[in-house]
Amino acid sequence: MHSRMIALSVEAITTPVSSNETCSGIRCAATWELGQLSGQAWYSRISSGVFASRMSRLDVQHLVGYLASVTQEGATLVTFGGSHRGLRLLGVVGQRKRICRRLALAHIDIVIDNICRIGY
């Protein structure tokens with residue numbers, strides 16, 4: 001039997017600044033639990049019900065709360081490059097830096113894992 005694993009993807013809103021990119025928010029996010037048929041989309045809506053161009057602080061806090069809850073229940077969080085941007089951005093936008101630091105330290109980043117296995 002495998003352990004419970006939750007995949008996370010965060011879509012950052014980026015703004016080009018000279019040769020670098022700057023993150024100015026989160027457009028949306030998605031989670032998917034290993035073994036489930038479908039995932040969960042995380043996004044905000046404006047008052048008319050239309051999708052918002054960025055997630056609200058409250059909606060980001062709900063996502064961070066969900067991630068904290070499932071990891072406390074023993075699930076492992078998995079990202080593809082989430083150490084670099086996704087979890088950090090969730091912490092800043094949602095004003096939940098401490099929680100997101102704990103999530104980052106305990107999660108598996110597939111990119112970093114593969115780099116370590118290759119031997120860089």
# chains A, B, ... in the order shown; residues from 1 in each chain; ligands from 1
>>> residues_around(residues="range 29-40 of chain A", least_positions_apart="3", cutoff="6 Å", atoms="only C-alpha atoms", output="PDB file with N, CA and C atoms, in the first residue's frame")
ATOM      1  N   MET A   5      -0.408  10.757  -1.164  1.00  0.00           N
ATOM      2  CA  MET A   5       0.393  11.799  -1.797  1.00  0.00           C
ATOM      3  C   MET A   5      -0.524  12.820  -2.467  1.00  0.00           C
ATOM      4  N   ILE A   6      -0.203  14.109  -2.264  1.00  0.00           N
ATOM      5  CA  ILE A   6      -0.973  15.204  -2.836  1.00  0.00           C
ATOM      6  C   ILE A   6      -0.048  16.016  -3.737  1.00  0.00           C
ATOM      7  N   ALA A   7      -0.377  16.095  -5.019  1.00  0.00           N
ATOM      8  CA  ALA A   7       0.394  16.909  -5.955  1.00  0.00           C
ATOM      9  C   ALA A   7      -0.153  18.330  -5.947  1.00  0.00           C
ATOM     10  N   LEU A   8       0.749  19.301  -6.038  1.00  0.00           N
ATOM     11  CA  LEU A   8       0.370  20.707  -6.037  1.00  0.00           C
ATOM     12  C   LEU A   8       1.022  21.416  -7.222  1.00  0.00           C
ATOM     13  N   SER A   9       0.237  22.222  -7.907  1.00  0.00           N
ATOM     14  CA  SER A   9       0.756  23.091  -8.964  1.00  0.00           C
ATOM     15  C   SER A   9       0.196  24.489  -8.731  1.00  0.00           C
ATOM     16  N   VAL A  10       1.074  25.490  -8.772  1.00  0.00           N
ATOM     17  CA  VAL A  10       0.680  26.883  -8.567  1.00  0.00           C
ATOM     18  C   VAL A  10       1.031  27.668  -9.825  1.00  0.00           C
ATOM     19  N   GLU A  11       0.054  28.373 -10.374  1.00  0.00           N
ATOM     20  CA  GLU A  11       0.261  29.198 -11.567  1.00  0.00           C
ATOM     21  C   GLU A  11       0.490  30.641 -11.125  1.00  0.00           C
TER      22      GLU A  11
END
>>> residues_around(residues="Leu67 in chain A", least_positions_apart="6", cutoff="10 Å", atoms="only C-alpha atoms", output="PyMOL selection string")
chain A and resi 6+8+31+61+73+75-77+99-100+103
>>> write_last_selection(atoms="N, CA and C atoms", output="mmCIF file, in the first residue's frame")
data_model
loop_
_atom_site.group_PDB
_atom_site.id
_atom_site.type_symbol
_atom_site.label_atom_id
_atom_site.label_comp_id
_atom_site.auth_asym_id
_atom_site.auth_seq_id
_atom_site.Cartn_x
_atom_site.Cartn_y
_atom_site.Cartn_z
ATOM 1 N N ILE A 6 -0.203 14.109 -2.264
ATOM 2 C CA ILE A 6 -0.973 15.204 -2.836
ATOM 3 C C ILE A 6 -0.048 16.016 -3.737
ATOM 4 N N LEU A 8 0.749 19.301 -6.038
ATOM 5 C CA LEU A 8 0.370 20.707 -6.037
ATOM 6 C C LEU A 8 1.022 21.416 -7.222
ATOM 7 N N THR A 31 -4.658 20.873 -7.016
ATOM 8 C CA THR A 31 -4.167 19.762 -6.211
ATOM 9 C C THR A 31 -4.789 18.482 -6.754
ATOM 10 N N GLN A 61 -5.425 31.428 1.449
ATOM 11 C CA GLN A 61 -5.387 30.925 2.815
ATOM 12 C C GLN A 61 -6.165 29.623 2.949
ATOM 13 N N GLU A 73 -2.323 15.084 8.538
ATOM 14 C CA GLU A 73 -2.955 13.762 8.562
ATOM 15 C C GLU A 73 -2.028 12.689 7.999
ATOM 16 N N ALA A 75 -0.303 12.912 4.834
ATOM 17 C CA ALA A 75 -0.083 12.955 3.384
ATOM 18 C C ALA A 75 1.262 13.614 3.087
ATOM 19 N N THR A 76 1.850 13.231 1.973
ATOM 20 C CA THR A 76 3.087 13.843 1.496
ATOM 21 C C THR A 76 2.738 14.777 0.356
ATOM 22 N N LEU A 77 3.214 15.999 0.433
ATOM 23 C CA LEU A 77 2.999 16.989 -0.611
ATOM 24 C C LEU A 77 4.089 16.833 -1.661
ATOM 25 N N ILE A 99 3.623 28.583 7.901
ATOM 26 C CA ILE A 99 3.012 27.311 7.488
ATOM 27 C C ILE A 99 3.645 26.824 6.194
ATOM 28 N N CYS A 100 3.835 27.717 5.244
ATOM 29 C CA CYS A 100 4.397 27.329 3.945
ATOM 30 C C CYS A 100 5.854 26.907 4.058
ATOM 31 N N LEU A 103 5.602 23.360 5.127
ATOM 32 C CA LEU A 103 5.207 22.542 3.973
ATOM 33 C C LEU A 103 6.394 22.325 3.043
#
>>> select_by_dssp(residues="chain A", states="strand (DSSP E or B)", output="VMD selection string")
chain A and resid 5 to 17 20 to 33 40 to 42 45 51 76 to 79 108 to 109
>>> atom_distance(atom1="CA of Arg101 in chain A", atom2="CA of Phe51 in chain A")
28.6 Å
>>> atom_distance(atom1="CA of Leu58 in chain A", atom2="CA of Gly94 in chain A")
6.9 Å
>>> residues_around(residues="Ile26 in chain A", least_positions_apart="6", cutoff="6 Å", atoms="only C-alpha atoms", output="PDB file with N, CA and C atoms, in the first residue's frame")
ATOM      1  N   GLU A  11       0.054  28.373 -10.374  1.00  0.00           N
ATOM      2  CA  GLU A  11       0.261  29.198 -11.567  1.00  0.00           C
ATOM      3  C   GLU A  11       0.490  30.641 -11.125  1.00  0.00           C
ATOM      4  N   ALA A  12       1.746  31.069 -11.189  1.00  0.00           N
ATOM      5  CA  ALA A  12       2.107  32.422 -10.761  1.00  0.00           C
ATOM      6  C   ALA A  12       1.821  33.423 -11.878  1.00  0.00           C
ATOM      7  N   ILE A  13       1.491  34.633 -11.462  1.00  0.00           N
ATOM      8  CA  ILE A  13       1.364  35.742 -12.411  1.00  0.00           C
ATOM      9  C   ILE A  13       2.733  36.406 -12.443  1.00  0.00           C
ATOM     10  N   ARG A  54      -6.743  36.857 -10.491  1.00  0.00           N
ATOM     11  CA  ARG A  54      -5.797  36.386  -9.485  1.00  0.00           C
ATOM     12  C   ARG A  54      -6.565  35.880  -8.276  1.00  0.00           C
ATOM     13  N   MET A  55      -5.935  35.007  -7.520  1.00  0.00           N
ATOM     14  CA  MET A  55      -6.568  34.469  -6.320  1.00  0.00           C
ATOM     15  C   MET A  55      -6.546  35.520  -5.215  1.00  0.00           C
TER      16      MET A  55
END
>>> residues_around(residues="Val64 in chain A", least_positions_apart="4", cutoff="9 Å", atoms="only C-alpha atoms", output="number ranges by chain")
A: 59-60, 68-69, 90-91, 94, 96, 99-100
>>> write_last_selection(atoms="N, CA and C atoms", output="PDB file, in the first residue's frame")
ATOM      1  N   ASP A  59      -8.780  33.075  -0.476  1.00  0.00           N
ATOM      2  CA  ASP A  59      -8.777  31.801  -1.198  1.00  0.00           C
ATOM      3  C   ASP A  59      -7.413  31.110  -1.104  1.00  0.00           C
ATOM      4  N   VAL A  60      -6.340  31.879  -1.129  1.00  0.00           N
ATOM      5  CA  VAL A  60      -5.000  31.306  -0.946  1.00  0.00           C
ATOM      6  C   VAL A  60      -4.885  30.735   0.470  1.00  0.00           C
ATOM      7  N   ALA A  68      -1.995  22.206   4.776  1.00  0.00           N
ATOM      8  CA  ALA A  68      -1.527  21.968   6.144  1.00  0.00           C
ATOM      9  C   ALA A  68      -2.319  20.826   6.781  1.00  0.00           C
ATOM     10  N   SER A  69      -3.610  20.794   6.546  1.00  0.00           N
ATOM     11  CA  SER A  69      -4.469  19.768   7.130  1.00  0.00           C
ATOM     12  C   SER A  69      -4.116  18.373   6.614  1.00  0.00           C
ATOM     13  N   LEU A  90       2.708  31.124  -2.157  1.00  0.00           N
ATOM     14  CA  LEU A  90       1.534  30.870  -1.314  1.00  0.00           C
ATOM     15  C   LEU A  90       1.705  31.514   0.057  1.00  0.00           C
ATOM     16  N   GLY A  91       2.910  31.422   0.604  1.00  0.00           N
ATOM     17  CA  GLY A  91       3.179  32.013   1.907  1.00  0.00           C
ATOM     18  C   GLY A  91       3.068  33.524   1.911  1.00  0.00           C
ATOM     19  N   GLY A  94      -0.791  34.590   0.721  1.00  0.00           N
ATOM     20  CA  GLY A  94      -1.748  34.194   1.744  1.00  0.00           C
ATOM     21  C   GLY A  94      -1.383  34.641   3.151  1.00  0.00           C
ATOM     22  N   ARG A  96       0.885  33.440   5.023  1.00  0.00           N
ATOM     23  CA  ARG A  96       1.032  32.208   5.797  1.00  0.00           C
ATOM     24  C   ARG A  96       2.457  31.666   5.619  1.00  0.00           C
ATOM     25  N   ILE A  99       3.623  28.583   7.901  1.00  0.00           N
ATOM     26  CA  ILE A  99       3.012  27.311   7.488  1.00  0.00           C
ATOM     27  C   ILE A  99       3.645  26.824   6.194  1.00  0.00           C
ATOM     28  N   CYS A 100       3.835  27.717   5.244  1.00  0.00           N
ATOM     29  CA  CYS A 100       4.397  27.329   3.945  1.00  0.00           C
ATOM     30  C   CYS A 100       5.854  26.907   4.058  1.00  0.00           C
TER      31      CYS A 100
END
>>> atom_distance(atom1="CA of Leu63 in chain A", atom2="CA of Ala41 in chain A")
9.9 Å
>>> select_by_dssp(residues="chain A", states="alpha helix (DSSP H)", output="JSON, numbers by chain")
{"A": [57, 58, 59, 60, 61, 62, 63, 64, 65, 66, 67, 68, 69, 70, 71, 72, 86, 87, 88, 89, 90, 91, 92, 93, 97, 98, 99, 100, 101, 102, 103, 104, 105, 106, 110, 111, 112, 113, 114, 115, 116, 117, 118]}
>>> write_last_selection(atoms="C-alpha atoms", output="compact mmCIF listing (two decimals), in the first residue's frame")
# COMPACT_ATOMS: atom_id res chain seq x y z
CA ARG A 57 -5.74 36.31 -0.08
CA LEU A 58 -8.65 34.45 1.54
CA ASP A 59 -8.78 31.80 -1.20
CA VAL A 60 -5.00 31.31 -0.95
CA GLN A 61 -5.39 30.93 2.81
CA HIS A 62 -8.03 28.22 2.23
CA LEU A 63 -5.60 26.35 -0.04
CA VAL A 64 -2.75 26.65 2.47
CA GLY A 65 -5.11 25.46 5.22
CA TYR A 66 -6.08 22.43 3.13
CA LEU A 67 -2.41 21.59 2.47
CA ALA A 68 -1.53 21.97 6.14
CA SER A 69 -4.47 19.77 7.13
CA VAL A 70 -3.73 16.89 4.75
CA THR A 71 -0.02 16.89 5.59
CA GLN A 72 -0.83 16.83 9.32
CA GLY A 86 4.99 27.95 -5.56
CA LEU A 87 5.17 27.42 -1.82
CA ARG A 88 7.01 30.69 -1.28
CA LEU A 89 4.36 32.56 -3.24
CA LEU A 90 1.53 30.87 -1.31
CA GLY A 91 3.18 32.01 1.91
CA VAL A 92 3.54 35.62 0.76
CA VAL A 93 0.16 36.08 -0.94
CA LYS A 97 4.84 32.15 5.53
CA ARG A 98 5.45 30.02 8.61
CA ILE A 99 3.01 27.31 7.49
CA CYS A 100 4.40 27.33 3.94
CA ARG A 101 7.97 27.01 5.24
CA ARG A 102 6.92 23.86 7.10
CA LEU A 103 5.21 22.54 3.97
CA ALA A 104 8.32 23.29 1.89
CA LEU A 105 10.65 21.50 4.30
CA ALA A 106 8.45 18.40 4.42
CA ILE A 110 10.41 16.28 -8.14
CA VAL A 111 12.86 18.67 -9.86
CA ILE A 112 15.27 18.77 -6.93
CA ASP A 113 14.86 15.03 -6.32
CA ASN A 114 15.84 14.23 -9.91
CA ILE A 115 18.79 16.63 -9.87
CA CYS A 116 20.08 14.95 -6.72
CA ARG A 117 19.64 11.49 -8.25
CA ILE A 118 21.53 12.51 -11.38
